[in-house]
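Asks: File follows, entry-v5.pdb with PDB, C-alpha atoms:
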ATOM      1  CA  MET A   1     112.197  78.685  85.377
ATOM      2  CA  LEU A   2     109.396  80.444  83.498
ATOM      3  CA  SER A   3     106.906  77.741  84.456
ATOM      4  CA  VAL A   4     107.822  78.080  88.136
ATOM      5  CA  LEU A   5     107.616  81.854  87.896
ATOM      6  CA  SER A   6     104.173  81.671  86.300
ATOM      7  CA  THR A   7     103.046  79.384  89.128
ATOM      8  CA  ILE A   8     104.202  81.555  92.034
ATOM      9  CA  ALA A   9     103.735  84.998  90.439
ATOM     10  CA  PRO A  10     100.008  85.241  91.313
ATOM     11  CA  MET A  11     100.890  84.636  94.954
ATOM     12  CA  PHE A  12     103.301  87.540  94.954
ATOM     13  CA  VAL A  13     100.716  89.718  93.219
ATOM     14  CA  LEU A  14      98.516  89.086  96.248
ATOM     15  CA  LEU A  15     101.477  89.944  98.496
ATOM     16  CA  GLY A  16     101.866  93.212  96.574
ATOM     17  CA  LEU A  17      98.192  94.015  97.062
ATOM     18  CA  GLY A  18      98.631  93.412 100.778
ATOM     19  CA  MET A  19     101.645  95.730 100.821
ATOM     20  CA  ILE A  20      99.654  98.479  99.096
ATOM     21  CA  ALA A  21      96.704  97.947 101.433
ATOM     22  CA  GLY A  22      99.089  98.236 104.386
ATOM     23  CA  PHE A  23      99.369 101.970 103.756
ATOM     24  CA  ALA A  24      95.684 102.368 104.643
ATOM     25  CA  PRO A  25      94.969 102.519 108.396
ATOM     26  CA  ARG A  26      91.828 100.386 108.201
ATOM     27  CA  PHE A  27      93.772  97.490 106.695
ATOM     28  CA  ARG A  28      96.689  97.851 109.106
ATOM     29  CA  SER A  29      94.250  97.631 112.001
ATOM     30  CA  ALA A  30      92.861  94.386 110.543
ATOM     31  CA  GLN A  31      96.259  92.691 110.295
ATOM     32  CA  ALA A  32      96.094  90.907 113.648
ATOM     33  CA  GLY A  33      92.643  89.515 112.906
ATOM     34  CA  LEU A  34      93.630  88.356 109.440
ATOM     35  CA  ASN A  35      96.730  86.618 110.750
ATOM     36  CA  ALA A  36      94.646  84.921 113.426
ATOM     37  CA  PHE A  37      92.118  83.758 110.823
ATOM     38  CA  VAL A  38      94.814  82.247 108.611
ATOM     39  CA  PHE A  39      96.709  80.564 111.447
ATOM     40  CA  THR A  40      93.683  79.316 113.389
ATOM     41  CA  PHE A  41      91.225  78.364 110.663
ATOM     42  CA  ALA A  42      92.244  78.647 107.001
ATOM     43  CA  LEU A  43      95.745  77.147 107.078
ATOM     44  CA  PRO A  44      94.785  74.216 109.366
ATOM     45  CA  ALA A  45      91.839  73.405 107.067
ATOM     46  CA  PHE A  46      94.126  73.652 104.053
ATOM     47  CA  LEU A  47      96.652  71.256 105.589
ATOM     48  CA  PHE A  48      94.010  68.858 106.905
ATOM     49  CA  VAL A  49      92.529  68.389 103.444
ATOM     50  CA  ALA A  50      95.996  68.055 101.888
ATOM     51  CA  VAL A  51      97.266  65.510 104.426
ATOM     52  CA  THR A  52      94.120  63.379 104.220
ATOM     53  CA  ASN A  53      94.873  62.903 100.525
ATOM     54  CA  ALA A  54      98.653  62.519 100.880
ATOM     55  CA  PRO A  55     100.443  59.161 100.347
ATOM     56  CA  ILE A  56     101.254  58.729 104.048
ATOM     57  CA  ARG A  57     101.518  54.954 103.822
ATOM     58  CA  ASP A  58     104.624  55.385 101.691
ATOM     59  CA  GLY A  59     106.394  56.569 104.839
ATOM     60  CA  VAL A  60     108.564  59.565 105.725
ATOM     61  CA  PRO A  61     112.174  59.376 104.477
ATOM     62  CA  LEU A  62     114.663  59.956 107.279
ATOM     63  CA  ALA A  63     116.931  61.682 104.782
ATOM     64  CA  PHE A  64     114.290  64.386 104.328
ATOM     65  CA  VAL A  65     114.093  64.966 108.084
ATOM     66  CA  GLY A  66     117.871  65.075 108.447
ATOM     67  CA  ILE A  67     118.379  67.421 105.506
ATOM     68  CA  SER A  68     115.554  69.762 106.513
ATOM     69  CA  LEU A  69     116.817  70.107 110.075
ATOM     70  CA  GLY A  70     120.542  69.733 109.464
ATOM     71  CA  ALA A  71     121.016  72.339 106.738
ATOM     72  CA  THR A  72     119.084  75.008 108.626
ATOM     73  CA  ALA A  73     120.781  74.268 111.949
ATOM     74  CA  LEU A  74     124.240  74.325 110.348
ATOM     75  CA  VAL A  75     123.684  77.687 108.648
ATOM     76  CA  TYR A  76     122.242  79.124 111.857
ATOM     77  CA  ALA A  77     125.309  77.998 113.815
ATOM     78  CA  LEU A  78     127.746  79.385 111.234
ATOM     79  CA  VAL A  79     126.039  82.786 111.045
ATOM     80  CA  HIS A  80     125.797  82.998 114.825
ATOM     81  CA  LEU A  81     129.477  82.126 115.228
ATOM     82  CA  GLY A  82     130.525  84.521 112.469
ATOM     83  CA  ALA A  83     128.585  87.422 113.982
ATOM     84  CA  PHE A  84     130.040  86.652 117.402
ATOM     85  CA  LEU A  85     133.600  86.682 116.036
ATOM     86  CA  VAL A  86     133.404  89.853 113.922
ATOM     87  CA  ARG A  87     131.354  92.142 116.128
ATOM     88  CA  GLY A  88     133.177  94.802 118.074
ATOM     89  CA  ARG A  89     132.947  94.733 121.836
ATOM     90  CA  GLY A  90     129.748  96.516 122.806
ATOM     91  CA  SER A  91     128.929  97.433 119.191
ATOM     92  CA  ALA A  92     126.684  94.550 118.181
ATOM     93  CA  GLY A  93     123.481  96.596 118.209
ATOM     94  CA  ARG A  94     124.977  99.470 116.165
ATOM     95  CA  ALA A  95     126.584  97.137 113.641
ATOM     96  CA  GLY A  96     123.433  95.090 113.164
ATOM     97  CA  LEU A  97     125.417  91.959 113.922
ATOM     98  CA  ALA A  98     123.872  90.783 117.174
ATOM     99  CA  PRO A  99     124.430  87.013 116.793
ATOM    100  CA  GLY A 100     120.953  85.777 117.757
ATOM    101  CA  PRO A 101     118.777  88.123 115.659
ATOM    102  CA  LEU A 102     121.123  87.935 112.670
ATOM    103  CA  ALA A 103     121.154  84.129 112.748
ATOM    104  CA  VAL A 104     117.361  83.980 113.007
ATOM    105  CA  ALA A 105     116.946  86.446 110.133
ATOM    106  CA  SER A 106     119.317  84.312 108.051
ATOM    107  CA  THR A 107     117.491  81.007 108.545
ATOM    108  CA  TYR A 108     113.878  81.319 109.770
ATOM    109  CA  GLY A 109     111.777  81.096 106.618
ATOM    110  CA  ASN A 110     108.097  81.775 106.011
ATOM    111  CA  VAL A 111     107.370  78.062 105.575
ATOM    112  CA  GLY A 112     103.740  78.173 106.705
ATOM    113  CA  TYR A 113     102.085  81.036 104.851
ATOM    114  CA  LEU A 114     104.358  80.864 101.794
ATOM    115  CA  GLY A 115     106.144  77.513 101.840
ATOM    116  CA  VAL A 116     103.146  75.183 101.993
ATOM    117  CA  PRO A 117     101.154  76.887  99.206
ATOM    118  CA  ILE A 118     104.195  77.146  96.929
ATOM    119  CA  VAL A 119     105.206  73.505  97.470
ATOM    120  CA  LEU A 120     101.719  72.325  96.557
ATOM    121  CA  SER A 121     101.515  74.686  93.593
ATOM    122  CA  VAL A 122     104.876  73.617  92.193
ATOM    123  CA  ALA A 123     105.049  69.916  93.158
ATOM    124  CA  GLY A 124     101.340  69.048  93.257
ATOM    125  CA  PRO A 125      99.101  67.386  95.867
ATOM    126  CA  GLY A 126     101.544  64.473  96.224
ATOM    127  CA  ALA A 127     103.893  66.814  98.092
ATOM    128  CA  ALA A 128     101.326  67.621 100.792
ATOM    129  CA  LEU A 129     102.940  65.396 103.417
ATOM    130  CA  GLY A 130     106.402  66.794 102.704
ATOM    131  CA  ALA A 131     105.077  70.352 102.867
ATOM    132  CA  ALA A 132     103.264  69.731 106.146
ATOM    133  CA  LEU A 133     106.195  67.936 107.748
ATOM    134  CA  GLY A 134     108.718  70.442 106.408
ATOM    135  CA  GLN A 135     106.936  73.432 107.898
ATOM    136  CA  LEU A 136     106.420  71.584 111.172
ATOM    137  CA  LEU A 137     110.107  70.675 111.522
ATOM    138  CA  HIS A 138     111.218  74.170 110.573
ATOM    139  CA  ASN A 139     108.890  75.949 112.974
ATOM    140  CA  LEU A 140     109.691  73.626 115.863
ATOM    141  CA  LEU A 141     113.401  74.160 115.288
ATOM    142  CA  PHE A 142     112.950  77.859 116.022
ATOM    143  CA  MET A 143     109.897  77.957 118.294
ATOM    144  CA  VAL A 144     111.502  75.397 120.585
ATOM    145  CA  GLY A 145     115.206  75.569 119.769
ATOM    146  CA  TYR A 146     115.795  79.325 119.985
ATOM    147  CA  PRO A 147     114.063  79.871 123.353
ATOM    148  CA  LEU A 148     115.782  76.738 124.644
ATOM    149  CA  LEU A 149     119.194  78.041 123.637
ATOM    150  CA  LYS A 150     118.436  81.357 125.318
ATOM    151  CA  SER A 151     117.263  79.565 128.448
ATOM    152  CA  ILE A 152     120.325  77.319 128.577
ATOM    153  CA  ARG A 153     122.603  80.297 128.116
ATOM    154  CA  GLY A 154     120.846  82.168 130.910
ATOM    155  CA  GLY A 155     120.792  79.052 133.070
ATOM    156  CA  THR A 156     124.508  78.542 132.576
ATOM    157  CA  ALA A 157     125.128  82.076 133.714
ATOM    158  CA  ARG A 158     123.015  81.508 136.829
ATOM    159  CA  GLY A 159     124.465  78.055 137.336
ATOM    160  CA  GLY A 160     123.260  75.107 139.364
ATOM    161  CA  ARG A 161     119.869  73.475 139.443
ATOM    162  CA  GLU A 162     118.052  76.780 138.975
ATOM    163  CA  GLY A 163     119.054  76.893 135.324
ATOM    164  CA  GLU A 164     118.155  73.219 134.846
ATOM    165  CA  ARG A 165     114.669  73.735 136.296
ATOM    166  CA  GLY A 166     114.223  76.760 134.027
ATOM    167  CA  VAL A 167     114.971  74.650 130.950
ATOM    168  CA  TRP A 168     112.406  71.999 131.913
ATOM    169  CA  ARG A 169     109.768  74.623 132.673
ATOM    170  CA  LEU A 170     110.437  76.212 129.285
ATOM    171  CA  LEU A 171     110.136  72.863 127.485
ATOM    172  CA  TRP A 172     106.785  72.161 129.134
ATOM    173  CA  ARG A 173     105.470  75.628 128.332
ATOM    174  CA  LEU A 174     106.579  75.306 124.703
ATOM    175  CA  ALA A 175     105.068  71.838 124.436
ATOM    176  CA  LYS A 176     101.708  73.182 125.530
ATOM    177  CA  GLY A 177     101.838  76.294 123.362
ATOM    178  CA  SER A 178     103.671  75.090 120.268
ATOM    179  CA  LEU A 179     102.519  71.498 120.042
ATOM    180  CA  LEU A 180      99.466  70.582 122.066
ATOM    181  CA  LEU A 181      97.476  73.735 121.309
ATOM    182  CA  ASN A 182      98.888  74.654 117.898
ATOM    183  CA  PRO A 183      96.036  74.463 115.345
ATOM    184  CA  VAL A 184      98.411  73.733 112.468
ATOM    185  CA  VAL A 185      99.970  70.794 114.314
ATOM    186  CA  LEU A 186      96.568  69.519 115.382
ATOM    187  CA  ALA A 187      95.302  69.723 111.798
ATOM    188  CA  VAL A 188      98.267  67.730 110.491
ATOM    189  CA  VAL A 189      97.811  65.059 113.182
ATOM    190  CA  ALA A 190      94.063  64.858 112.533
ATOM    191  CA  GLY A 191      94.580  64.626 108.783
ATOM    192  CA  ALA A 192      97.128  61.849 109.210
ATOM    193  CA  ALA A 193      94.751  59.928 111.485
ATOM    194  CA  VAL A 194      91.889  60.232 109.001
ATOM    195  CA  ASN A 195      94.194  59.098 106.208
ATOM    196  CA  LEU A 196      95.703  56.107 107.992
ATOM    197  CA  LEU A 197      92.463  54.907 109.591
ATOM    198  CA  ASP A 198      90.431  55.341 106.383
ATOM    199  CA  ILE A 199      87.899  57.511 108.191
ATOM    200  CA  VAL A 200      85.196  58.895 105.923
ATOM    201  CA  VAL A 201      84.653  62.596 106.540
ATOM    202  CA  PRO A 202      80.993  63.626 106.194
ATOM    203  CA  THR A 203      80.303  65.350 102.886
ATOM    204  CA  VAL A 204      79.125  68.611 104.421
ATOM    205  CA  LEU A 205      82.167  68.831 106.712
ATOM    206  CA  ALA A 206      84.570  67.932 103.898
ATOM    207  CA  ALA A 207      83.078  70.586 101.606
ATOM    208  CA  SER A 208      83.216  73.190 104.364
ATOM    209  CA  LEU A 209      86.877  72.428 105.096
ATOM    210  CA  GLU A 210      87.771  72.659 101.409
ATOM    211  CA  MET A 211      86.065  76.054 101.150
ATOM    212  CA  LEU A 212      87.815  77.288 104.290
ATOM    213  CA  GLY A 213      91.161  75.909 103.156
ATOM    214  CA  GLY A 214      90.725  77.640  99.804
ATOM    215  CA  ALA A 215      91.026  80.967 101.600
ATOM    216  CA  ALA A 216      94.406  80.075 103.109
ATOM    217  CA  VAL A 217      96.670  80.987 100.206
ATOM    218  CA  PRO A 218      95.187  84.382  99.239
ATOM    219  CA  ALA A 219      94.631  85.440 102.854
ATOM    220  CA  ALA A 220      98.137  84.359 103.885
ATOM    221  CA  MET A 221      99.815  86.198 101.022
ATOM    222  CA  PHE A 222      97.776  89.323 101.723
ATOM    223  CA  ALA A 223      98.678  89.108 105.423
ATOM    224  CA  VAL A 224     102.385  88.846 104.625
ATOM    225  CA  GLY A 225     102.069  91.951 102.445
ATOM    226  CA  LEU A 226     100.600  93.909 105.336
ATOM    227  CA  THR A 227     103.820  93.382 107.346
ATOM    228  CA  ILE A 228     106.030  95.117 104.789
ATOM    229  CA  LYS A 229     105.213  98.787 105.496
ATOM    230  CA  PRO A 230     106.506  98.795 109.127
ATOM    231  CA  ALA A 231     109.777  97.215 107.999
ATOM    232  CA  LEU A 232     110.086  99.736 105.170
ATOM    233  CA  ALA A 233     109.656 102.571 107.656
ATOM    234  CA  GLY A 234     112.502 101.169 109.740
ATOM    235  CA  MET A 235     114.858 101.074 106.771
ATOM    236  CA  ARG A 236     113.988 104.624 105.717
ATOM    237  CA  SER A 237     114.610 105.943 109.211
ATOM    238  CA  GLY A 238     118.181 104.668 109.149
ATOM    239  CA  THR A 239     117.772 102.673 112.353
ATOM    240  CA  VAL A 240     118.444  99.378 110.582
ATOM    241  CA  SER A 241     121.898  98.200 109.495
ATOM    242  CA  ILE A 242     121.945  97.786 105.716
ATOM    243  CA  ALA A 243     124.973  95.488 105.993
ATOM    244  CA  GLY A 244     123.184  93.224 108.449
ATOM    245  CA  VAL A 245     120.094  93.073 106.248
ATOM    246  CA  ALA A 246     122.238  92.278 103.202
ATOM    247  CA  VAL A 247     124.044  89.439 104.986
ATOM    248  CA  ALA A 248     120.808  87.930 106.296
ATOM    249  CA  SER A 249     119.084  88.223 102.911
ATOM    250  CA  VAL A 250     121.887  86.616 100.908
ATOM    251  CA  VAL A 251     122.313  83.780 103.386
ATOM    252  CA  LYS A 252     118.561  83.135 103.594
ATOM    253  CA  LEU A 253     117.721  83.274  99.893
ATOM    254  CA  VAL A 254     120.948  81.906  98.387
ATOM    255  CA  ALA A 255     123.274  80.114 100.821
ATOM    256  CA  LEU A 256     120.680  78.075 102.728
ATOM    257  CA  PRO A 257     118.822  76.727  99.660
ATOM    258  CA  LEU A 258     122.097  75.950  97.866
ATOM    259  CA  LEU A 259     123.374  74.073 100.915
ATOM    260  CA  THR A 260     120.076  72.156 100.982
ATOM    261  CA  ILE A 261     120.488  71.240  97.312
ATOM    262  CA  LEU A 262     124.034  70.053  98.055
ATOM    263  CA  ALA A 263     122.779  67.990 101.006
ATOM    264  CA  VAL A 264     120.131  66.405  98.773
ATOM    265  CA  ALA A 265     122.807  65.521  96.229
ATOM    266  CA  LEU A 266     125.049  63.974  98.896
ATOM    267  CA  PHE A 267     122.542  62.282 101.203
ATOM    268  CA  GLY A 268     119.168  62.267  99.442
ATOM    269  CA  GLY A 269     119.805  60.101  96.437
ATOM    270  CA  GLY A 270     116.752  57.975  97.159
ATOM    271  CA  LEU A 271     114.333  60.839  97.787
ATOM    272  CA  ALA A 272     111.311  61.091  95.519
ATOM    273  CA  PRO A 273     110.902  64.383  93.599
ATOM    274  CA  GLN A 274     108.124  65.646  95.880
ATOM    275  CA  TRP A 275     110.350  65.296  98.952
ATOM    276  CA  VAL A 276     113.228  67.062  97.199
ATOM    277  CA  ALA A 277     110.917  69.885  96.159
ATOM    278  CA  SER A 278     109.579  70.234  99.692
ATOM    279  CA  ALA A 279     113.050  70.442 101.241
ATOM    280  CA  VAL A 280     114.439  72.922  98.703
ATOM    281  CA  ILE A 281     111.377  75.190  98.553
ATOM    282  CA  MET A 282     111.137  75.406 102.338
ATOM    283  CA  ALA A 283     114.820  76.395 102.500
ATOM    284  CA  ALA A 284     114.306  79.065  99.819
ATOM    285  CA  MET A 285     111.483  80.908 101.597
ATOM    286  CA  PRO A 286     111.909  84.555 102.652
ATOM    287  CA  VAL A 287     112.186  85.469 106.318
ATOM    288  CA  SER A 288     109.086  84.695 108.367
ATOM    289  CA  SER A 289     107.196  87.451 110.136
ATOM    290  CA  THR A 290     107.098  85.074 113.131
ATOM    291  CA  ALA A 291     110.854  85.582 113.426
ATOM    292  CA  SER A 292     110.163  89.091 114.703
ATOM    293  CA  VAL A 293     107.901  87.696 117.431
ATOM    294  CA  ILE A 294     110.600  85.330 118.708
ATOM    295  CA  VAL A 295     113.407  87.893 118.522
ATOM    296  CA  PHE A 296     111.290  90.519 120.276
ATOM    297  CA  GLU A 297     110.527  88.085 123.087
ATOM    298  CA  TYR A 298     114.150  87.103 123.742
ATOM    299  CA  ASP A 299     116.279  89.949 122.323
ATOM    300  CA  GLY A 300     114.056  93.031 122.223
ATOM    301  CA  ASP A 301     115.236  94.705 119.002
ATOM    302  CA  VAL A 302     113.398  93.424 115.901
ATOM    303  CA  ARG A 303     114.433  96.099 113.401
ATOM    304  CA  LEU A 304     116.958  93.901 111.613
ATOM    305  CA  VAL A 305     114.561  90.966 111.335
ATOM    306  CA  GLY A 306     111.701  93.178 110.129
ATOM    307  CA  ALA A 307     113.845  94.761 107.439
ATOM    308  CA  ALA A 308     115.155  91.360 106.326
ATOM    309  CA  THR A 309     111.549  90.166 106.067
ATOM    310  CA  LEU A 310     110.797  93.047 103.706
ATOM    311  CA  VAL A 311     113.857  92.605 101.493
ATOM    312  CA  THR A 312     113.630  88.833 101.213
ATOM    313  CA  SER A 313     109.869  88.870 100.567
ATOM    314  CA  VAL A 314     110.421  91.078  97.524
ATOM    315  CA  ALA A 315     113.598  89.387  96.281
ATOM    316  CA  ALA A 316     112.120  85.889  96.639
ATOM    317  CA  LEU A 317     110.042  86.417  93.520
ATOM    318  CA  VAL A 318     113.319  86.172  91.588
ATOM    319  CA  THR A 319     115.386  83.857  93.786
ATOM    320  CA  ILE A 320     112.811  81.070  94.220
ATOM    321  CA  PRO A 321     112.549  80.267  90.469
ATOM    322  CA  LEU A 322     116.352  80.465  90.197
ATOM    323  CA  VAL A 323     116.867  78.061  93.092
ATOM    324  CA  LEU A 324     114.326  75.604  91.695
ATOM    325  CA  SER A 325     115.962  75.733  88.280
ATOM    326  CA  VAL A 326     119.300  74.855  89.911
ATOM    327  CA  ALA A 327     117.648  72.020  91.850
ATOM    328  CA  GLY A 328     116.472  70.746  88.560
TER     329      GLY A 328
END
Render the structure in this file as structure tokens.
Replies:
Amino acid sequence: MLSVLSTIAPMFVLLGLGMIAGFAPRFRSAQAGLNAFVFTFALPAFLFVAVTNAPIRDGVPLAFVGISLGATALVYALVHLGAFLVRGRGSAGRAGLAPGPLAVASTYGNVGYLGVPIVLSVAGPGAALGAALGQLLHNLLFMVGYPLLKSIRGGTARGGREGERGVWRLLWRLAKGSLLLNPVVLAVVAGAAVNLLDIVVPTVLAASLEMLGGAAVPAAMFAVGLTIKPALAGMRSGTVSIAGVAVASVVKLVALPLLTILAVALFGGGLAPQWVASAVIMAAMPVSSTASVIVFEYDGDVRLVGAATLVTSVAALVTIPLVLSVAG
């Protein structure tokens, strides 16, 4: 546990610096630009370099794909159903138990900015493919799955072919935005192609990508820290349900990773250590700031998700080493 803590502690120091900087207006105003830099340039370069050196020819275990998707989807469904059953009629917003936002806050982890760097720091470069694939599967599950569920639900209410056409239009729009034009996805695909085709990257380009990728971890952690102050303000104002935040935080940081460990024990007996580490670490990540973007788009109220992002980002410094020590 101490070795894991010593590995990830510097990352959370950077997150703390970002949180402190977030109280200064000039840093808050730079948050959008910093996020764009990480997502568009630094993180894709980081993943491209990692995937080009990953053991892709060894293949991708189907058990890893099933566990990564299945555990998260199951927990999401259970939380959504539980919130739907216990909420009072018309009181979901006041109770902080609106099924969609609570389920997202309980399962959508920060697998890109936090998950990938931590997997590579803990499991080494050999886990690059698992880290890249894990974050891709996780993000697609929410970036595609959540809007699709909302569209289907709305389409069912409207009925007929109108709802069906809406689903197909949504799928095409998501394919263009989340897959075809996503720099992280493009970087992973390009890195895999270079790896499999034995393409030699020019020295100058390779060195430039390594330098750019080296900025991904510190910039990403700092950017995550900048998101904490707005969530903290929401909690202090009393507009966020403490019970809802507590439920989401416990499920995200404890229940989901433990279920993933159980799934690995039951169905992942043949998985190599780097694949196990990738699956468990991705499940143990705190709530992603992207969760607020999705919930705002389809539900409107992001206070619960923002507060859960704050609480889980702080608590993860303790829970991640504990989860990894249980995983063994």
Asks: When distances are computed from all atoms listed in the file, which of A:Phe64, A:Phe46, A:Phe27, A:Tyr76 shows the smallest separation from A:Val251?
Replies: A:Tyr76
Asks: Can you translate the PyMOL selection byres ((chain A and resi 210) around 12) into the concrete residues it hits in this file, as JSON, numbers by chain?
Replies: {"A": [41, 42, 43, 44, 45, 46, 47, 48, 49, 50, 52, 201, 203, 204, 205, 206, 207, 208, 209, 211, 212, 213, 214, 215, 216]}
Asks: Using all atoms listed in the file, collect all residues at a distance of at most 12 Å from (104.4, 55.2, 103.5) as written in the file, then present them as a list in words.
Replies: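 Answer for this query, in the requested form: Ala54, Pro55, Ile56, Arg57, Asp58, Gly59, Val60, Pro61, Leu62, Leu129, Gly130, Ala192, Asn195 and Leu196 of chain A.
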Asks: I'd like the interatomic distance between atom CA of A:Ile261 and atom CA of A:Gln274, to a tenth of an Å.
Replies: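 Atom CA of A:Gln274 lies 13.6 Å from atom CA of A:Ile261.
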Asks: Give, as lines of an AutoDock Vina configuration file, the centre coordinates and the x, y and z edge lengths in Å to one decimal for an axis-aligned box around all listed atoms of stretch 36-55 of chain A, padded by 3 Å on each side.
Replies:
center_x = 95.8
center_y = 72.0
center_z = 106.9
size_x = 15.2
size_y = 31.8
size_z = 19.1
Asks: Near A:Pro273, within 12 Å and counting only C-alpha atoms, which residues show up once chain neighbours fewer than 5 positions away are dropped, as an MDAnalysis selection string?
Replies: chainID A and resid 64 119 122:124 126:127 130 264 268 278:281 324 327:328
